[in-house]
Structures are given as structure tokens and as C-alpha cells.
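Below is one structure; the comments refer to it alone.
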Amino acid sequence: MSQSFRRQLVFTLKDRCRVCYTCLRECPVKAIKIINGQAEVINDRCIGCGNCVKVCSQGAKYYLRSIDEVFRLLDSEEKIAACIAPSFPGDFAEIPDANILVGMIRRLGFSLVTEVGFGADIVSREYEKLLKNPDYSGDISSDCPAITYFIRHYHPDLTSMLAPIVSPMVATARVIRQKYGNDYKVVFIGPCFAKKAESLETDEVLTFVELREMFAIKNITPEQTTPTPFDPPFAGRGSIFPVTRGMFMATNSNEEIPENKAVFADGRVNFKEAVKELEEGFIKDKHLELLCCEGCIMGPGTSPGGRKFSRRTRIESYVTDKLKNLDIEQWNKDIAEYSTIDLHQHFEPEDRRFANPDEETIQKVLESMGKFEPKDHLNCGACGYDTCIEHAIAILKGLAETEMCLPYTIEKLHDSIENLNISNEKLAKARAALKQSEKLAHMGQLSAGIAHELNNPLGVITMYSNILMDEAPSESPEREDLRLIVEQADRCKKIVSGLLNFARQNQVSIQSTDVVKFTQHSINSIIKPDTVEVRFESKIQDPIASFDIDQMMQVLVNLEKNAVEAMPQGGILLIGLEGDEKEITFKISDTGTGINEENMNKIFTPFFTTKEVGKGTGLGLPLIYGIVKMHRGRINVDSNSDPSKGPTGTTFTITIPRGK
Ligand code: ADP
Ligand code: MG
């Protein structure tokens, strides 16, 4: 009957899950799916071992609760029998007298309170028979439901090795019904919630934790409870089975079965290893006593905070006392009476393994996590899987995400931080450039206004002062004054025309031209002393480009002029032309004085000049900047003004799109 019976045992409280992957790490069958950063139990794959519930520090995993159903049963007209697992003395340390606990259970409304220890007594005899069979070739104990699920789902070929014997719980339910009547409903109370999905022969299953909750709800305390004994049949040595590592050690045979006939393995790593060794043929003719957890005394339904060895000691002393007072004659009679009960069960394989993806597909997933070679497989287990390959397979099955790989995620994070820094830097530069162009735009508007207003009166001043100067006799003292007026008025005109140029640059009129010829023309149009040697180097393949010829001519001429002015003692003016199919780069280098570091961020500010009064207007570079930006180009300055650091000089590099 147990074959088809299956309920969802474990649930996730999504709000509580902090995705630490501890549950996944502890899950022996990886029945946990990480989706959108949430760990969800997949019922079909879960074997109910309870490890995830025990290890979750956030209380995000909880198991199926049956309290309401049991209260409902107790409130009904039905006759309800409780059968309690033999590990109870370990859990209920505060109730040293078992009869008080029995009394408390009765007060909940149970008509009978019996011991599963008696079921263990009769089941252990079945195991004894199995082991003594001359054809015995090894088996796997079937008392732990999580193990039976594990074998049937994940090692279906070993299903025939599951001992064909019911568990002590089912055996006890059968005894109760035989002794007290088939109309009894049976509620099992024990340390393990996997029992809730084991058999339909128990009507409900409570854990010790749930039993405590029921006592609390009904306000049942040991102090107000009259002790009453268990209902028969009483258990013998079967009561010791939670601490003897398995059924057959609890056998009542005089002739003990040697321990070397058995392999004991508990905990998620050990039991799987034992199964693997059995499957691979390393273990033969042995009885495998396997448990998914640390044993029934520490099962996932036991009260939290319990100590393993003190629980063990309490069970041992309870059984020692119990056996001292046991009516052996009666016990033998009971054993004889119930040995007629059929305790066999048959297990069917139910394969739930996934077909593994091919190696190439797995490799692709590994590569998406930056794992290209075997040495990249750190197998660190941080994702919850034992190996990187298992993680990759889980991703392919939709159970896991690449982000779960911690080393990969950290690396990605580093990359993102780096990219963020780069973007930040770019942003800062763009912001500075924006500020500069805003400043220039305002300057442009202002200067356009002023220049416009000044241009006409200045024309009048120049014209009339020139007329007056021409008319003045050559020896007249006014002539020198008039010459000064003419000269200064000329200077004003220069500034005004500079301002007008500066204000004009918000429009570009693109024309196609030969840049090589264009550049040569710019060189020819500047006045340079003989001490300055001019070199022109063109590395350009295709000389045709399109830009605003007048504006770009101003750019080159202004840069060349600045270069010449920076070399009062002479030097080399190097004009280079480079480019690819997309861009043209002009390089204007001089071997002049260089620009002081402190002046570097001022040179594009309008009216900034280091030249003496009358020589510089400080409008050349702001003008250039504006023109280059209007062409969607870039401008870069490299300069050294400190002879101790190497040859002085400045290079302006201007790159503009070819504009085709
Ligand atoms: P101006 O030439 O009228 O001074 P610019 O805007 O063309 O105005 O240049 C501003 C300042 O930048 C100059 O006064 C000078 O200090 C500096 N400068 C520009 N080009 C050079 C260069 N090639 N070498 C040294 N200093 C330069
Ligand atoms: Mg200049």
C-alpha cells in the first residue's frame, strides 16, 4: 500500500528564505529548486529526510502539520489509538515517568496508548529470519521511509534489495487492529515526519514537536496528570532499537547476529556512499542499516535543542528498567499470538532520475560560468552542489541558476564595479565638458551682443582717427597721439572680430575638401620667423573629408600661431595628419615653452592668456574648442613646461569625423 501513497512533506516560507543554499547543500537528492533567488522544495524529488528543515536557520522550511486533523479525529465518535515510537524517553526528558506521558496522551482523548516497541519486537524477528535464510545475499533495511524512497526513486535497480518487511509503525498498527478491532483509527507519534507519507495504515502521524503543541493547546501538564500504563501488548527489547543502530540488533535471539554482517551508515553523505558502494559491488552479502539523518533519536520531528548522547542514555536506562519489570511469560505469549500477522511488504521501483545531458551541453553551461578547463572547477560547494558539473546539470534541468556560483558571481561583481568606475569617470569628464560648453555658450551669446554693438562705433573711431592722423602735419605732436588711438582702435577691432568668430561657431557648413592641401594651406597662411622650422607629415591614405572649411581653418591657424608664439627662440613646428576611414586627426606639435600644469585647465577659458597686453586675446583656444565640439570631435593637449622632466613643448591633437 505504501507504494502509491505520497504527500507533500516540506514547504517553503518564501519571505524567510535568504538563499544561503544550506538546504540544498544538505539535501541528499537535490530536491530543491533555486528560482528567482528562492529555494523551493520539489515534492516529486523529495524523500522527506527532513535535513532541510533542520538546517534552515531562518525557519523558512516547515513540514506538514497534522494537529488539526488529529484534533478532528479525537473530537469525532471514532475510537482512536495512539502508538508512540520508542525514542520518546529521549525527547521527553522533563517527564521521567513514562506513565505520566501516557496519561497526558490519554487526556488528549485517545482511547488507547500503545508502544511501537512491540511492533519493533515482531519486526526484528522477521529481520532475524531474513538474515538466517541460507539464500541470504544481503539487504537494505526498510524501516526508514526516507531510505525506501531514496532507493526506489534514485537507485531503482536496488529496489529488490529493500527488506520486504513492514516498519515497526505499520506492524504496531496491525497489532492494534488485530487486538482491539479494525474500527480503530491509529495515530503514530514519533521523531520523524517522513512517516506521514509512509503508509495509509496509520490514519495520522504526529511528531513529538506536534504532540507538545497539542499538550500546550489543551493545557495538559505532567503535574496535573495521573500516571497510567501503556495499553498492551507491552514492548520488550524492541524498545531499544532507536539506539542500537537498527532493527536486527534489537532482535531477541539468544544467538546474536554478528555486527560484521551489517553496514551502518547515517547522515546524508554516509548513507549515499554506502548505497554507491553497494551498487558498484564493493559491499556484498551484508545487511545495510541506513538512515538519512543522525538516527531516530535526533529525527527532524524531535524537539529542537536536544542532545544526542543524553537522549541515548535516557532511552537506555528506560529500557533497562522496563526489561527488569517485563512479564516475560506474557510477552512470549504476545509474540506467539501476533507472529501470525503478515509483516511482509513489497517495494516497486519508481525511477525519478533525470536523464543526464550530453557532455557538450554541460560544457557550454560551465563556460557560461567562466569554467573552461578542469582546473577552473573549484568544486567549492558554495552553490549547494558537490561539484561544478552537478551544478551545471542542475542548471540545465531548470533547478539552479548560474548566479549561485559564488566565485563566478564575485568575479562578475568585480567586473561590474570596474565598469561602474569607468562609467563614473566618463560621466565626470562629460560633466566637465558640458560645464565648459555651457560656459562657452553663455560667453558666445554675451560676446555676440557686445561685439555687434562695438563693431560700428569702432569702425567710426578707426576711420576718423585715420583721417585725422593723415591730415595732421608730420611734425605735429598730435600725430603721435592719433597714431596711438589708431593702434588701440585696431586692437579693439581684433578683439571684437575674435568675439564675433567665437559667437558664430554654432553653425557648421560642411564641405568636402582635400585635407592634405587644406593643411598645407593653413601652414602657408601664418607668419613665422626663420628660426622656426615647419615640418608636415601626412600618413593619410584617403585625403578627402568633409567639414566646415572656414571654421577648421581657424582651428589650424590658431593652433599654429600659438605654437609659433610659444617658440620665441625658435624651434620645430610639426604638423601631422593621420586618419582611418572614419576619422581625421590633426597633430600640431611644437618644441616651445610648454603649458604650466596649473594653467592646463584654464587654457580653454575665454580671455585666459599668458601673453603680454596687446598680443593675446585669450579667445583662440575657446574658439577652437567650440568648433571641434560642433564637429563632434575630440581635442587633447599634451604638454611639458619643465625642462627637468624632458624636452619642453606642446602637442594639440584634434580628431574629427570624416563627415562623409
Ligand atoms: P592667446 O593665444 O590669445 O593667448 P589662446 O586661447 O590661443 O589665447 O591661448 C591661451 C593660452 O594658452 C596662451 O596664452 C598660452 O598661455 C597657452 N597656450 C596655447 N597654446 C600654447 C602652446 N602651443 N604652447 C604654450 N602655451 C600655449
Ligand atoms: Mg592664440
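Residue names in the C-alpha cells use chain letters A, B, ... in the order shown, residue numbers from 1 in each chain, and ligand numbers from 1 in the order shown.
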key: Test item: residues at most 10 Å from stretch 130-134 of chain A, only C-alpha atoms, excluding those fewer than 3 positions along its chain, as a VMD selection string   = chain A and resid 124 to 127 137 to 139 163 to 165 248 257 261 285 to 287
task = Residues within 6 Å of ligand 1, counting only C-alpha atoms and all ligand atoms: report them as JSON, numbers by chain.
result = {"A": [562, 563, 566, 592, 593, 594, 595, 603, 608, 609, 610, 611, 616, 617, 618, 619, 620, 621, 622, 650]}
Selection export as a CSV table (one decimal), in the first residue's frame, atoms kept: N, CA and C atoms:
```csv
chain,number,residue,atom,x,y,z
A,562,ASN,N,49.7,79.8,-32.1
A,562,ASN,CA,50.1,79.6,-30.6
A,562,ASN,C,51.4,78.9,-30.6
A,563,ALA,N,51.6,77.9,-31.4
A,563,ALA,CA,52.8,77.1,-31.4
A,563,ALA,C,54.0,78.0,-31.7
A,566,ALA,N,54.9,80.2,-29.0
A,566,ALA,CA,55.5,79.5,-27.8
A,566,ALA,C,56.9,79.3,-28.0
A,592,GLY,N,58.2,74.4,-28.0
A,592,GLY,CA,58.2,75.6,-27.3
A,592,GLY,C,58.2,75.5,-25.8
A,593,THR,N,57.7,76.5,-25.1
A,593,THR,CA,57.8,76.7,-23.6
A,593,THR,C,57.0,75.6,-22.9
A,594,GLY,N,55.9,75.2,-23.5
A,594,GLY,CA,55.0,74.2,-22.9
A,594,GLY,C,54.0,75.0,-22.0
A,595,ILE,N,53.0,74.3,-21.5
A,595,ILE,CA,52.0,75.0,-20.7
A,595,ILE,C,52.2,74.5,-19.2
A,603,ILE,N,43.3,77.0,-20.0
A,603,ILE,CA,43.6,77.5,-21.4
A,603,ILE,C,42.3,77.6,-22.3
A,608,PHE,N,41.5,83.9,-21.2
A,608,PHE,CA,42.7,83.5,-20.5
A,608,PHE,C,43.9,83.5,-21.4
A,609,THR,N,44.9,84.4,-21.0
A,609,THR,CA,46.1,84.5,-21.9
A,609,THR,C,47.3,84.7,-21.0
A,610,THR,N,48.4,84.2,-21.4
A,610,THR,CA,49.6,84.5,-20.6
A,610,THR,C,50.5,85.5,-21.4
A,611,LYS,N,49.9,85.9,-22.5
A,611,LYS,CA,50.7,86.8,-23.4
A,611,LYS,C,50.6,88.2,-23.0
A,616,GLY,N,47.9,88.9,-26.8
A,616,GLY,CA,46.9,87.8,-26.8
A,616,GLY,C,45.5,88.3,-26.4
A,617,THR,N,44.5,87.6,-26.9
A,617,THR,CA,43.2,87.9,-26.5
A,617,THR,C,42.6,86.8,-25.6
A,618,GLY,N,43.2,85.7,-25.6
A,618,GLY,CA,42.7,84.6,-24.8
A,618,GLY,C,41.4,84.0,-25.4
A,619,LEU,N,41.2,84.2,-26.7
A,619,LEU,CA,39.9,83.7,-27.3
A,619,LEU,C,40.2,82.6,-28.3
A,620,GLY,N,41.5,82.3,-28.6
A,620,GLY,CA,41.8,81.3,-29.6
A,620,GLY,C,41.4,79.9,-29.2
A,621,LEU,N,41.8,79.5,-28.1
A,621,LEU,CA,41.5,78.1,-27.7
A,621,LEU,C,40.0,77.9,-27.4
A,622,PRO,N,39.3,78.8,-26.7
A,622,PRO,CA,37.9,78.6,-26.6
A,622,PRO,C,37.2,78.5,-27.9
A,650,THR,N,54.5,71.3,-26.7
A,650,THR,CA,53.1,71.1,-26.5
A,650,THR,C,52.6,70.4,-27.8
```
request  = With a distance cut-off of 12 Å and only C-alpha atoms, select the neighbouring residues of stretch 518-530 of chain A, excluding the residue or stretch itself and same-chain residues fewer than 2 positions from it, and output the selection as a PyMOL selection string.
outcome  = chain A and resi 511-516+532-538+543-578+584-588
query = Nearest to ligand 2: which of A:Glu612, A:Glu40, A:Asp266, A:Asp642 is it, counting only C-alpha atoms and all ligand atoms?
reply = A:Glu612
query = Skipping near chain neighbours, those fewer than 3 positions away, what residues fall within 7 Å of A:Leu206 using only C-alpha atoms, listed as number ranges by chain?
reply = A: 66, 188-190, 210-211
